[in-house]
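The structure under discussion appears below in the form of structure tokens.
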Amino acid sequence: MKTANLYHDSAIKHVSGQSVYVNDIVASPYQLFGKVVYSPFAHARILSIDIEAAKQLKGVKAILTYQDIPGENQMGPVVHDEPCLAVDEVTFIGQAVCLIAAENEEAAYEAEKLIRIEYEELEAITSLQEAIEKNNLLCPPRKIACGDVDEAFKTSPHIIQDVLMTGAQEHWYLETQSALAVPGEENEMTIYASSQNPAETQAIVAEVLGINKNEVEVEVRRMGGGFGGKETQGNHVAAWAALLANATKFPVCIHLFRDDDQKITGKRHRFLSKYCVGFNDDGKITAYSVELNSDAGSSTDLSRAILERAMLHAENAYYLPNACIIGKAYKTNLPSNTAFRGFGGPQGIAVIENAIDRIARFLKKDPIEIRKINFYGIDKDNITPYGEIIKNNHLHVILEQLMASSLYTERRIAIDKFNDDNEFYKKGIAMTPVKFGISFTTAFLNQAGALVHIYNDGTVAVNHGGTEMGQGLHTKILGIASDALGISPEYIKISNTNTSKVPNSSATAASSGSDLNGMAVQNAIDQLISRLTEVAFDELSLLFPSSSIKKENICFANDKVYDNTNTNVGISFKDLIKKAYLKQVSLSATGFYKTPGIYFDRETGKGNPFYYYSYGMAVSEVKVDVLTGEVKLLQTDILHDVGDSLNPNIDIGQIEGGFIQGLGWVTTEEIKWDGKGRLLTYSPDTYKIPTVNDIPDVFKVNLLSGYPNEGTIRKSKAVGEPPLMLAFSVWLAIKDAISAVGNHQFEPSFSLPATAEVVLNSIEEIKHKIK
Amino acid sequence: MNEPGYHIQFVFNDKVVSLSFDGSTELKPTTTVLNYLRSFPFHKGVKEGCAEGDCGACTVVLAEIKNDKLHYTTIDSCLVFLPMLHGKQLITVENLANGKELHPVQQQMVEQSGSQCGYCTPGIVMSLFGLYKNHHKPNRVVIEDALTGNLCRCTGYQPIIKAAEIACSIEDNDKFTLNSVKTKALLNEINTHSPIVIETAKQKYYKPFTLLDALRLRSQYPNAIIVNGATDIALRQTKKRELLDEIIDISDVKELKYFVEKQDYYSIGAGLQMEQLKLYAEKTLPALYQMLQIFGSLQIRNVATIGGNIGSASPIGDTLPLLFAYKAKVKLQSSITERICNIEDFIKGYRFTDLQKDELITEVMIPKPPVGTFIKSYKVSRRKDLDISTVSAGFSLLLENNKVKEIILSYGGMAAQTIRAGKTEQFLLRKEWSRTFIEDAMEILQEEFTPLSDARAEANYRSTVARNLLLKFFAETSL
């Protein structure tokens, strides 16, 4: 089998129930059940904590408060503004106050009932609007600008100005946050984590325990889904479990109950965005200004970087000669919002996509026409507002191919006819593009390490700093290693991610997993191949004295090492390794990679933050029930650019899955809090992610072919995040259908998610206007 | 034959397993099948994703003998108490492969890239296994129905549908078919006649197999909670962590599982599972069939019963508005009495019915509507499938010379209980069935209810939907 067609390296274990997740591990018969006791108030002063009665309960091994933290009471990943356990104040519902370790679940729940915490409720900010009104900023506002936006607005023939709300989103990874902490000798602590960032989990555990990083080992086998939700917030359960394990000297596992996970962990940031767009009669944008206001929640977490990415994607695929992009993050008394696939990008892109849609309706043109004339040019109009030049722009070729393959024009005509003929159902169609910048915008994070061992039986263990959360990273790495070493995947094992093998790794995030780690693994293997080539040269010269072998002709393939000018001159890989071992050649190498040429100046808002861009487009068609607001997604056609795919099955899986996750965000996944900051949609009973019936009846996904990406691992491109934003095609198709109710004469009220409720309200408003 | 008493028996890993609740283990009679399985180191494949039957990560399959054949059903093991396994075969994801050889549904999940993170996969595989055992070459609708109860956050489902199509086109000669004689023999060893009585220090759990025993236990323990599928009651334990101290489990009273066509009505055993009812309704009660297609998930419908849905008297119970429209009746029996009650009189308030302390709902009677009657059901929810309705409705209409002779407009989600739009009905009576009158009626309807705002929707949306559904009904009946 070609390595590009490898099945997921855990697939057989997945389907037979053999794949192990944190909560499946039993480290010891004495393993304890860990539980977190959290604040029921969005903002309150803690007057007293009484744990005495709970401590006496049979089966209870430890109850901890902030006073029991041996190290620093902090788990903020970037800014130290997040106490591990509350001291005298709680700032959101779900903030940890006490920790319980008990012999079993029942005892832990009983103990919780006996803990008495007295609170004095304080005034809380639980809505973004209120935070904006009170100017409750998390950090100083940021700005990216180009051209002269004020002057451009003065001369713009048309201006549209409005506000767009985009909602929060719950990750809903199937495996809730979990960690198992196993105490070792002296200070040692081993954490089996469900974390996208084991190195940071290690750092935070070391900090709260007051020990060194070299005393903490963090291992991640796999996660049951991450999507950004375990980039920083997997650290919390790890820190809590470590504190309990350290206090009791028993292994402690914390696996959050679903409702608790939904209540206490952060979500995708909701945004309230104020925008103003100026344009000419053709629909060409002359000026764009946007103020992106995000709800950071109670602490910093990754909110600054997320806001930054939203700003860096405010223009999406469109050239803006004059733009002013302001970013503001606000503090509220809600769980700290965090990374989620797209990392702010979707929130920035939603605004301009909606603005373009409005321009088209205003000018009575097809939105595709407006998109096309505003796309970044190939040789001109190709500078982003932050100064990066767009190279290898595939927007135009994707549009051309997708318009043809999706029969957009024909379907648009058929839809107009359907809408003329039907009062109670309306159809809508939309095409939206995504251009997504690939790299961590915090430049130094763009580094990765690997450690490759060849054992003297010829088998290989590959370690790298990336984590597997289902995205198929290990499978791609397996393919890379297999091709680079010229041996079958069955001889290679991708090891669990472990901080003792590869130190100081960055989070598996920003879609960068295979770009960074793939290169690091390649680098390690290149070193090994170079050493082995020497050995092979000597051995082959010895075995085949009559052949004149050249080092540059030695080739590693098909489990053999041979002269590629004479394939009979060869030796099996396994035999070569034996020889190398006997010749005292090192069979282990570390690899390293850093992305070249990336920088960004946050003060000036200028730089080259991205190594390259990924492109994709989708056409979606929907049918809306005019009487209930319910939506049926009829068809989606996607064409997406992943360079030369490392593994088409996995890449298509990422595109389909990302798109459907985006579909949920733009349609049914509505998060509601009440005025007290209580999450109302805290279980799958009320929080609705897509089911099998919500996917399009016709769902065609294709990879752009013939456009290799120079300078990356095997000319591939990242894939994890960008496809999520293709779901805007559904969002705007819904708006198109609503608009048809008023024969496209009125701009529909719209927000995100477009729930049946939002849709029906918008339809009723248009009906009212018609009357 | 084993004597009844403190233990239950089921077939698991090719053996009859006996469990007792005498305190020698940590097992409670209300321990869920999920928690039981996960207590073994070698059955960690089954996963808890939500503990409320909304995600399907815990899906397992039960096999039982029906008409001498093994009948396979998927269930959410997080909602099923151990005694419900009695007399059945429990099959988990670890049981499917034949040695190293994967089951066809597993093999196709691998080949189609049907798993990514793998956490939902064991549940998906079990749903596919259930599909494989029940349908050869299923169409897309059947496949989607089998998978509705399984949430996957990674794949977007498309490869899973593909895996189902291919796996289920293969002739079924899997090891379960090959072993069926042996399995049936094992199942036949288990006594399913005498009631199971489990009394521990904290809990009492009674499981009768005959109606007579069920009614006797009911009068003996009038405060016991009656469970059938337990899809509602189990949440009190899994989510609210209540101790359910006294339970009568009537899920295996076979006498309550029937659907019979009578002269002028359909007679439905209260213990008939929703999925079975759906199959019967397809040809007889189309509006009911339509509603059951979007009722919960297959795993839920495989255990939830019509009697249970009525008995819970939820304001958003999916069947109630429609049963109002059908003018259904319920039969209520005790050891010594039997009475028949109109469904509307039976539902007395928020989760409150006219059921007496010694009675069980034993039958639901749905009159055959007069020829020409339109009956429709509507369910509007945030998500089409596996969701609780925001607004539901059951309408019935009989016209005479295009004038309204009889009309019932019944709604769920608009008040503390299922409620009829009486004023609107009165307004429409004897009027022409026309758009003009409907639009007038919509205004009246809007005034008739004062719904609540909650996590699902705002009151205003509910009111608008309620009135619009009337227009939808008109549009669908005036063609």
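Simple scheme: letters A, B, ... for chains in structure tokens order, numbers from 1 for residues in each chain, numbers from 1 for ligands in the order shown.
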- Item | Test item: residues at most 8 Å from Arg341 in chain A, only C-alpha atoms, excluding those fewer than 6 positions along its chain, as a PyMOL selection string | chain A and resi 227-228+510+720-721+724
Now that the selection is made, can you save its residues with N, CA and C atoms as an mmCIF file, in the first residue's frame?
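Output saved as again_35.cif:
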data_model
loop_
_atom_site.group_PDB
_atom_site.id
_atom_site.type_symbol
_atom_site.label_atom_id
_atom_site.label_comp_id
_atom_site.auth_asym_id
_atom_site.auth_seq_id
_atom_site.Cartn_x
_atom_site.Cartn_y
_atom_site.Cartn_z
ATOM 1 N N PHE A 227 -9.849 19.838 19.055
ATOM 2 C CA PHE A 227 -10.427 20.991 18.342
ATOM 3 C C PHE A 227 -10.007 22.328 18.949
ATOM 4 N N GLY A 228 -8.926 22.334 19.716
ATOM 5 C CA GLY A 228 -8.495 23.558 20.382
ATOM 6 C C GLY A 228 -8.864 23.570 21.857
ATOM 7 N N ALA A 510 -2.968 25.364 15.388
ATOM 8 C CA ALA A 510 -2.734 26.225 14.231
ATOM 9 C C ALA A 510 -2.563 25.398 12.954
ATOM 10 N N GLY A 720 -6.102 21.241 8.951
ATOM 11 C CA GLY A 720 -6.997 21.120 10.107
ATOM 12 C C GLY A 720 -8.088 22.168 10.225
ATOM 13 N N GLU A 721 -7.700 23.431 10.171
ATOM 14 C CA GLU A 721 -8.667 24.483 10.475
ATOM 15 C C GLU A 721 -9.443 25.051 9.284
ATOM 16 N N LEU A 724 -13.277 24.504 8.214
ATOM 17 C CA LEU A 724 -14.390 24.893 9.085
ATOM 18 C C LEU A 724 -15.078 26.128 8.529
#
- Task: Enumerate as an MDAnalysis selection string the residues belonging to chain A that approach chain B to within 7 Å, with only C-alpha atoms taken into account.
- Result: chainID A and resid 7:8 11:12 14:18 24 173:175 223:225 258 469:472 627:628 649 653 656:657 660:661 668 672 680:681 684:686 688 691:693 755:757
Could you write those residues out with N, CA and C atoms, as a compact mmCIF listing (two decimals), in the first residue's frame?
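So the final result, stored in result31.txt, reads:
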# COMPACT_ATOMS: atom_id res chain seq x y z
N TYR A 7 -4.36 3.80 6.16
CA TYR A 7 -5.50 4.03 7.05
C TYR A 7 -4.98 4.64 8.34
N HIS A 8 -5.89 5.24 9.08
CA HIS A 8 -5.51 5.81 10.38
C HIS A 8 -4.76 4.76 11.20
N ALA A 11 -6.86 2.85 13.53
CA ALA A 11 -8.22 2.51 13.08
C ALA A 11 -8.68 1.14 13.61
N ILE A 12 -7.81 0.16 13.52
CA ILE A 12 -8.23 -1.18 13.95
C ILE A 12 -8.51 -1.20 15.44
N HIS A 14 -9.46 1.44 17.17
CA HIS A 14 -10.70 2.20 17.36
C HIS A 14 -11.93 1.30 17.20
N VAL A 15 -11.95 0.56 16.10
CA VAL A 15 -13.17 -0.18 15.77
C VAL A 15 -13.36 -1.42 16.62
N SER A 16 -12.31 -1.84 17.30
CA SER A 16 -12.48 -3.02 18.14
C SER A 16 -12.46 -2.69 19.63
N GLY A 17 -12.50 -1.41 19.93
CA GLY A 17 -12.61 -0.99 21.34
C GLY A 17 -11.30 -1.14 22.10
N GLN A 18 -10.18 -1.22 21.37
CA GLN A 18 -8.90 -1.45 22.05
C GLN A 18 -8.08 -0.17 22.23
N ASP A 24 -9.47 5.25 30.58
CA ASP A 24 -9.48 3.78 30.49
C ASP A 24 -8.30 3.17 31.24
N TYR A 173 -15.79 17.80 22.18
CA TYR A 173 -14.98 16.60 21.98
C TYR A 173 -15.72 15.48 22.68
N LEU A 174 -15.71 14.27 22.10
CA LEU A 174 -16.46 13.16 22.72
C LEU A 174 -15.84 12.76 24.05
N GLU A 175 -14.52 12.86 24.14
CA GLU A 175 -13.85 12.56 25.41
C GLU A 175 -13.72 13.86 26.18
N MET A 223 -6.08 11.74 22.04
CA MET A 223 -7.23 12.42 22.63
C MET A 223 -8.49 11.97 21.92
N GLY A 224 -9.57 11.95 22.65
CA GLY A 224 -10.87 11.69 22.02
C GLY A 224 -11.44 13.00 21.50
N GLY A 225 -10.69 13.63 20.63
CA GLY A 225 -11.08 14.94 20.08
C GLY A 225 -10.46 16.07 20.89
N ARG A 258 -19.79 15.13 31.64
CA ARG A 258 -20.10 15.97 30.48
C ARG A 258 -20.66 17.35 30.87
N MET A 469 -5.08 13.73 17.97
CA MET A 469 -6.43 13.95 18.52
C MET A 469 -7.48 13.46 17.54
N GLY A 470 -7.03 12.61 16.60
CA GLY A 470 -7.95 12.10 15.60
C GLY A 470 -7.66 12.61 14.22
N GLN A 471 -6.85 13.67 14.17
CA GLN A 471 -6.62 14.35 12.88
C GLN A 471 -5.73 13.54 11.96
N GLY A 472 -5.15 12.45 12.46
CA GLY A 472 -4.33 11.60 11.58
C GLY A 472 -2.88 12.04 11.48
N LEU A 627 -42.29 28.80 7.34
CA LEU A 627 -43.22 28.89 8.46
C LEU A 627 -42.60 28.54 9.81
N THR A 628 -41.48 27.82 9.78
CA THR A 628 -40.86 27.44 11.06
C THR A 628 -39.41 27.91 11.18
N ASN A 649 -7.12 10.48 1.97
CA ASN A 649 -8.26 10.06 2.80
C ASN A 649 -8.33 10.87 4.08
N GLY A 653 -11.11 13.64 5.10
CA GLY A 653 -11.77 13.48 6.40
C GLY A 653 -11.71 14.76 7.22
N GLU A 656 -14.18 17.30 5.45
CA GLU A 656 -15.59 16.99 5.72
C GLU A 656 -15.92 17.27 7.18
N GLY A 657 -15.06 16.79 8.06
CA GLY A 657 -15.32 16.96 9.49
C GLY A 657 -15.28 18.42 9.92
N ILE A 660 -18.44 20.17 8.68
CA ILE A 660 -19.64 19.84 9.45
C ILE A 660 -19.58 20.49 10.84
N GLN A 661 -18.38 20.59 11.39
CA GLN A 661 -18.25 21.30 12.67
C GLN A 661 -18.60 22.79 12.50
N THR A 668 -27.07 25.22 14.30
CA THR A 668 -27.83 24.75 15.47
C THR A 668 -27.13 24.93 16.81
N LYS A 672 -26.34 29.56 25.30
CA LYS A 672 -27.07 30.60 26.02
C LYS A 672 -26.65 30.63 27.49
N LEU A 680 -27.07 27.83 30.16
CA LEU A 680 -28.36 27.14 30.04
C LEU A 680 -28.25 25.90 29.16
N THR A 681 -27.34 25.96 28.20
CA THR A 681 -27.20 24.85 27.26
C THR A 681 -25.97 24.03 27.65
N PRO A 684 -25.91 17.79 25.93
CA PRO A 684 -26.36 17.58 24.55
C PRO A 684 -27.88 17.58 24.42
N ASP A 685 -28.56 17.62 25.54
CA ASP A 685 -30.02 17.75 25.55
C ASP A 685 -30.43 19.08 24.91
N THR A 686 -29.69 20.13 25.24
CA THR A 686 -30.03 21.45 24.71
C THR A 686 -28.97 22.03 23.78
N LYS A 688 -26.91 21.41 20.56
CA LYS A 688 -27.12 20.47 19.47
C LYS A 688 -26.04 20.56 18.40
N THR A 691 -26.00 15.96 13.65
CA THR A 691 -26.11 14.49 13.59
C THR A 691 -25.91 14.08 12.14
N VAL A 692 -25.97 12.79 11.92
CA VAL A 692 -25.79 12.25 10.57
C VAL A 692 -26.82 12.83 9.60
N ASN A 693 -28.00 13.19 10.12
CA ASN A 693 -29.05 13.70 9.24
C ASN A 693 -28.84 15.16 8.84
N THR A 755 -29.99 30.03 13.79
CA THR A 755 -30.90 28.99 14.29
C THR A 755 -32.25 29.16 13.63
N ALA A 756 -33.10 28.15 13.75
CA ALA A 756 -34.44 28.26 13.20
C ALA A 756 -35.12 29.51 13.75
N GLU A 757 -34.81 29.83 14.99
CA GLU A 757 -35.42 31.01 15.62
C GLU A 757 -34.95 32.30 14.94
- Task: Tell me which protein, DNA and RNA residues are within 10 Å of Thr332 in chain A, counting only C-alpha atoms, leaving out same-chain ones fewer than 2 positions away, and put them as an MDAnalysis selection string.
- Result: chainID A and resid 42:43 91:92 124:132 136:138 295:299 329:330 334:337 677
- Using backbone DSSP assignments, extract all strand (DSSP E) residues from range 201-373 of chain A; output them as a PyMOL selection string. chain A and resi 216-220+252-255+271-279+285-297+323-331
Given the selection you just returned, output its residues as a file containing C-alpha atoms, formatted as a PDB file, in the first residue's frame.
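Now in selection_11.pdb:
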ATOM      1  CA  VAL A 216       7.392  15.923  35.460  1.00  0.00           C
ATOM      2  CA  GLU A 217       6.733  13.576  32.588  1.00  0.00           C
ATOM      3  CA  VAL A 218       3.636  14.087  30.475  1.00  0.00           C
ATOM      4  CA  GLU A 219       2.439  11.452  28.080  1.00  0.00           C
ATOM      5  CA  VAL A 220      -0.339  11.713  25.535  1.00  0.00           C
ATOM      6  CA  VAL A 252      -5.589  10.120  40.794  1.00  0.00           C
ATOM      7  CA  CYS A 253      -7.735  10.322  37.691  1.00  0.00           C
ATOM      8  CA  ILE A 254     -10.028  13.228  36.908  1.00  0.00           C
ATOM      9  CA  HIS A 255     -12.447  12.765  34.049  1.00  0.00           C
ATOM     10  CA  PHE A 271     -17.716  38.386  18.933  1.00  0.00           C
ATOM     11  CA  LEU A 272     -19.688  41.565  18.467  1.00  0.00           C
ATOM     12  CA  SER A 273     -18.265  43.188  15.367  1.00  0.00           C
ATOM     13  CA  LYS A 274     -18.982  46.692  14.142  1.00  0.00           C
ATOM     14  CA  TYR A 275     -18.168  47.169  10.500  1.00  0.00           C
ATOM     15  CA  CYS A 276     -18.349  49.765   7.771  1.00  0.00           C
ATOM     16  CA  VAL A 277     -17.700  49.025   4.132  1.00  0.00           C
ATOM     17  CA  GLY A 278     -17.368  51.493   1.274  1.00  0.00           C
ATOM     18  CA  PHE A 279     -17.678  50.368  -2.345  1.00  0.00           C
ATOM     19  CA  ILE A 285     -14.446  47.598  -1.972  1.00  0.00           C
ATOM     20  CA  THR A 286     -12.808  50.952  -1.518  1.00  0.00           C
ATOM     21  CA  ALA A 287     -12.675  51.090   2.267  1.00  0.00           C
ATOM     22  CA  TYR A 288     -13.290  48.707   5.112  1.00  0.00           C
ATOM     23  CA  SER A 289     -13.204  49.340   8.794  1.00  0.00           C
ATOM     24  CA  VAL A 290     -14.078  46.836  11.440  1.00  0.00           C
ATOM     25  CA  GLU A 291     -13.964  46.721  15.193  1.00  0.00           C
ATOM     26  CA  LEU A 292     -13.749  43.125  16.394  1.00  0.00           C
ATOM     27  CA  ASN A 293     -14.883  42.865  19.999  1.00  0.00           C
ATOM     28  CA  SER A 294     -14.362  39.493  21.627  1.00  0.00           C
ATOM     29  CA  ASP A 295     -15.606  38.004  24.858  1.00  0.00           C
ATOM     30  CA  ALA A 296     -12.453  36.696  26.506  1.00  0.00           C
ATOM     31  CA  GLY A 297     -14.174  35.455  29.637  1.00  0.00           C
ATOM     32  CA  ALA A 323      -8.586  49.225   5.830  1.00  0.00           C
ATOM     33  CA  CYS A 324      -8.669  49.805   9.531  1.00  0.00           C
ATOM     34  CA  ILE A 325      -8.978  46.722  11.722  1.00  0.00           C
ATOM     35  CA  ILE A 326      -9.349  47.258  15.440  1.00  0.00           C
ATOM     36  CA  GLY A 327      -9.330  44.382  17.907  1.00  0.00           C
ATOM     37  CA  LYS A 328     -10.587  44.545  21.462  1.00  0.00           C
ATOM     38  CA  ALA A 329     -10.891  41.701  23.939  1.00  0.00           C
ATOM     39  CA  TYR A 330     -13.157  42.179  26.939  1.00  0.00           C
ATOM     40  CA  LYS A 331     -13.251  40.498  30.300  1.00  0.00           C
TER      41      LYS A 331
END
- Task: Could you give me, as a ChimeraX atom specification, the residues within 10 Å of Asn504 in chain A, counting only C-alpha atoms and dropping anything in the same chain fewer than 6 positions from it?
- Result: /A:197-200,202-203,445,447-449,465
- Query: If we count only C-alpha atoms, what is near Asp354 in chain B at a cut-off of 9 Å, once residues fewer than 6 positions away on the same chain are taken out, given as a PyMOL selection string?
  - Reply: chain B and resi 341+345-348
Since we have the selection now, will you write its residues out, keeping N, CA and C atoms, as an mmCIF file, in the first residue's frame?
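Output saved as part31.cif:
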data_model
loop_
_atom_site.group_PDB
_atom_site.id
_atom_site.type_symbol
_atom_site.label_atom_id
_atom_site.label_comp_id
_atom_site.auth_asym_id
_atom_site.auth_seq_id
_atom_site.Cartn_x
_atom_site.Cartn_y
_atom_site.Cartn_z
ATOM 1 N N CYS B 341 -59.956 5.798 29.851
ATOM 2 C CA CYS B 341 -59.938 7.240 30.094
ATOM 3 C C CYS B 341 -59.505 7.947 28.820
ATOM 4 N N ASP B 345 -58.324 13.713 29.362
ATOM 5 C CA ASP B 345 -58.678 13.731 30.785
ATOM 6 C C ASP B 345 -57.566 13.123 31.630
ATOM 7 N N PHE B 346 -56.824 12.240 31.002
ATOM 8 C CA PHE B 346 -55.777 11.538 31.733
ATOM 9 C C PHE B 346 -54.618 12.474 32.097
ATOM 10 N N ILE B 347 -54.261 13.361 31.155
ATOM 11 C CA ILE B 347 -53.167 14.301 31.410
ATOM 12 C C ILE B 347 -53.727 15.467 32.228
ATOM 13 N N LYS B 348 -53.256 15.581 33.461
ATOM 14 C CA LYS B 348 -53.876 16.572 34.352
ATOM 15 C C LYS B 348 -53.000 17.785 34.635
#
- Run DSSP on the backbone and give me the residues of range 11-70 of chain A it puts in helix (DSSP H, G or I), as a VMD selection string. chain A and resid 11 to 15 22 to 24 52 to 56 66 to 68
Could you write out that same residue set with N, CA and C atoms as a short mmCIF file (atom, residue, chain, number, x, y, z; two decimals), in the first residue's frame?
data_model
loop_
_atom_site.label_atom_id
_atom_site.label_comp_id
_atom_site.auth_asym_id
_atom_site.auth_seq_id
_atom_site.Cartn_x
_atom_site.Cartn_y
_atom_site.Cartn_z
N ALA A 11 -6.86 2.85 13.53
CA ALA A 11 -8.22 2.51 13.08
C ALA A 11 -8.68 1.14 13.61
N ILE A 12 -7.81 0.16 13.52
CA ILE A 12 -8.23 -1.18 13.95
C ILE A 12 -8.51 -1.20 15.44
N LYS A 13 -7.70 -0.48 16.19
CA LYS A 13 -7.94 -0.39 17.64
C LYS A 13 -9.23 0.38 17.92
N HIS A 14 -9.46 1.44 17.17
CA HIS A 14 -10.70 2.20 17.36
C HIS A 14 -11.93 1.30 17.20
N VAL A 15 -11.95 0.56 16.10
CA VAL A 15 -13.17 -0.18 15.77
C VAL A 15 -13.36 -1.42 16.62
N VAL A 22 -7.41 8.28 28.40
CA VAL A 22 -6.94 8.47 29.78
C VAL A 22 -7.84 7.77 30.79
N ASN A 23 -9.13 7.94 30.61
CA ASN A 23 -10.05 7.39 31.61
C ASN A 23 -10.14 5.86 31.55
N ASP A 24 -9.47 5.25 30.58
CA ASP A 24 -9.48 3.78 30.49
C ASP A 24 -8.30 3.17 31.24
N GLU A 52 -14.00 20.27 56.85
CA GLU A 52 -13.74 19.30 57.93
C GLU A 52 -14.68 18.08 57.88
N ALA A 53 -15.98 18.35 57.75
CA ALA A 53 -16.93 17.24 57.74
C ALA A 53 -16.67 16.32 56.56
N ALA A 54 -16.36 16.90 55.42
CA ALA A 54 -16.12 16.10 54.22
C ALA A 54 -14.89 15.23 54.37
N LYS A 55 -13.88 15.78 55.05
CA LYS A 55 -12.64 15.03 55.25
C LYS A 55 -12.85 13.75 56.05
N GLN A 56 -13.85 13.81 56.96
CA GLN A 56 -14.09 12.66 57.84
C GLN A 56 -14.82 11.52 57.14
N TYR A 66 -6.74 26.14 48.05
CA TYR A 66 -5.55 26.85 47.56
C TYR A 66 -4.40 26.79 48.55
N GLN A 67 -4.74 26.65 49.84
CA GLN A 67 -3.68 26.64 50.86
C GLN A 67 -2.80 25.40 50.76
N ASP A 68 -3.31 24.39 50.09
CA ASP A 68 -2.56 23.13 49.98
C ASP A 68 -1.71 23.06 48.72
#
- Item | Top pick for closest residue to Ile340 in chain B, considering B:Ile65, B:Gly413, B:Lys88, B:Met365 and counting only C-alpha atoms |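 Answer, going by the shortest atom-to-atom distance: B:Met365.
Of the listed residues B:Asp232, B:Glu363, B:Asp358, B:Glu443, the one whose atoms come nearest to Tyr265 in chain B is B:Glu363, with distances taken using only C-alpha atoms.
Interatomic distance, CA of Arg678 in chain A against CA of Gly342 in chain A: 26.1 Å.
For Glu118 in chain A, the set of protein, DNA and RNA residues having any atom at most 7 Å away, when counting only C-alpha atoms and skipping those fewer than 6 positions along the same chain, is Ile46, Leu47, Ser48 and Ile49 of chain A.
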Those same residues, written as an mmCIF file, in the first residue's frame with N, CA and C atoms?
data_model
loop_
_atom_site.group_PDB
_atom_site.id
_atom_site.type_symbol
_atom_site.label_atom_id
_atom_site.label_comp_id
_atom_site.auth_asym_id
_atom_site.auth_seq_id
_atom_site.Cartn_x
_atom_site.Cartn_y
_atom_site.Cartn_z
ATOM 1 N N ILE A 46 -15.248 34.845 48.502
ATOM 2 C CA ILE A 46 -15.330 33.638 49.325
ATOM 3 C C ILE A 46 -15.144 34.057 50.783
ATOM 4 N N LEU A 47 -16.150 33.805 51.591
ATOM 5 C CA LEU A 47 -16.063 34.202 53.001
ATOM 6 C C LEU A 47 -15.426 33.111 53.841
ATOM 7 N N SER A 48 -15.773 31.879 53.535
ATOM 8 C CA SER A 48 -15.184 30.780 54.302
ATOM 9 C C SER A 48 -15.306 29.473 53.542
ATOM 10 N N ILE A 49 -14.395 28.579 53.823
ATOM 11 C CA ILE A 49 -14.448 27.236 53.237
ATOM 12 C C ILE A 49 -14.307 26.241 54.389
#
- Message: Here is a test: counting only C-alpha atoms, which residue of B:Leu82, B:Leu272, B:Val371, B:Phe474 is nearest to Thr436 in chain B?
- Response: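 Closest residue, counting only C-alpha atoms: B:Phe474.
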- Task: Please provide the set of residues having any atom within 9 Å of Lys267 in chain A, restricted to only C-alpha atoms, with same-chain residues fewer than 3 positions apart removed, written as a ChimeraX atom specification.
- Result: /A:168-171,229,262,270,335-340
Save the residues we just selected, N, CA and C atoms, as a compact mmCIF listing (two decimals), in the first residue's frame?
# COMPACT_ATOMS: atom_id res chain seq x y z
N ALA A 168 -20.80 31.90 20.46
CA ALA A 168 -19.79 31.00 21.01
C ALA A 168 -20.01 29.60 20.45
N GLN A 169 -19.07 28.72 20.70
CA GLN A 169 -19.24 27.32 20.29
C GLN A 169 -18.54 26.42 21.30
N GLU A 170 -19.24 25.39 21.67
CA GLU A 170 -18.69 24.39 22.60
C GLU A 170 -17.95 23.33 21.78
N HIS A 171 -16.77 22.94 22.25
CA HIS A 171 -15.96 22.00 21.46
C HIS A 171 -16.66 20.66 21.27
N GLY A 229 -9.87 22.79 22.20
CA GLY A 229 -10.37 22.77 23.58
C GLY A 229 -9.39 22.17 24.57
N GLN A 262 -18.97 21.01 30.05
CA GLN A 262 -19.59 22.09 29.29
C GLN A 262 -19.71 23.36 30.12
N ARG A 270 -17.24 34.42 21.53
CA ARG A 270 -18.28 35.13 20.79
C ARG A 270 -17.74 36.54 20.49
N PRO A 335 -16.44 31.49 32.02
CA PRO A 335 -15.21 30.71 31.87
C PRO A 335 -14.36 31.29 30.75
N SER A 336 -13.05 31.23 30.94
CA SER A 336 -12.16 31.88 29.98
C SER A 336 -12.25 31.19 28.63
N ASN A 337 -12.62 31.97 27.62
CA ASN A 337 -12.76 31.39 26.29
C ASN A 337 -11.39 31.05 25.71
N THR A 338 -11.40 30.12 24.78
CA THR A 338 -10.11 29.50 24.42
C THR A 338 -10.05 29.17 22.93
N ALA A 339 -8.99 28.46 22.57
CA ALA A 339 -8.80 28.07 21.18
C ALA A 339 -9.94 27.18 20.70
N PHE A 340 -10.32 27.36 19.47
CA PHE A 340 -11.26 26.45 18.82
C PHE A 340 -11.01 26.56 17.32
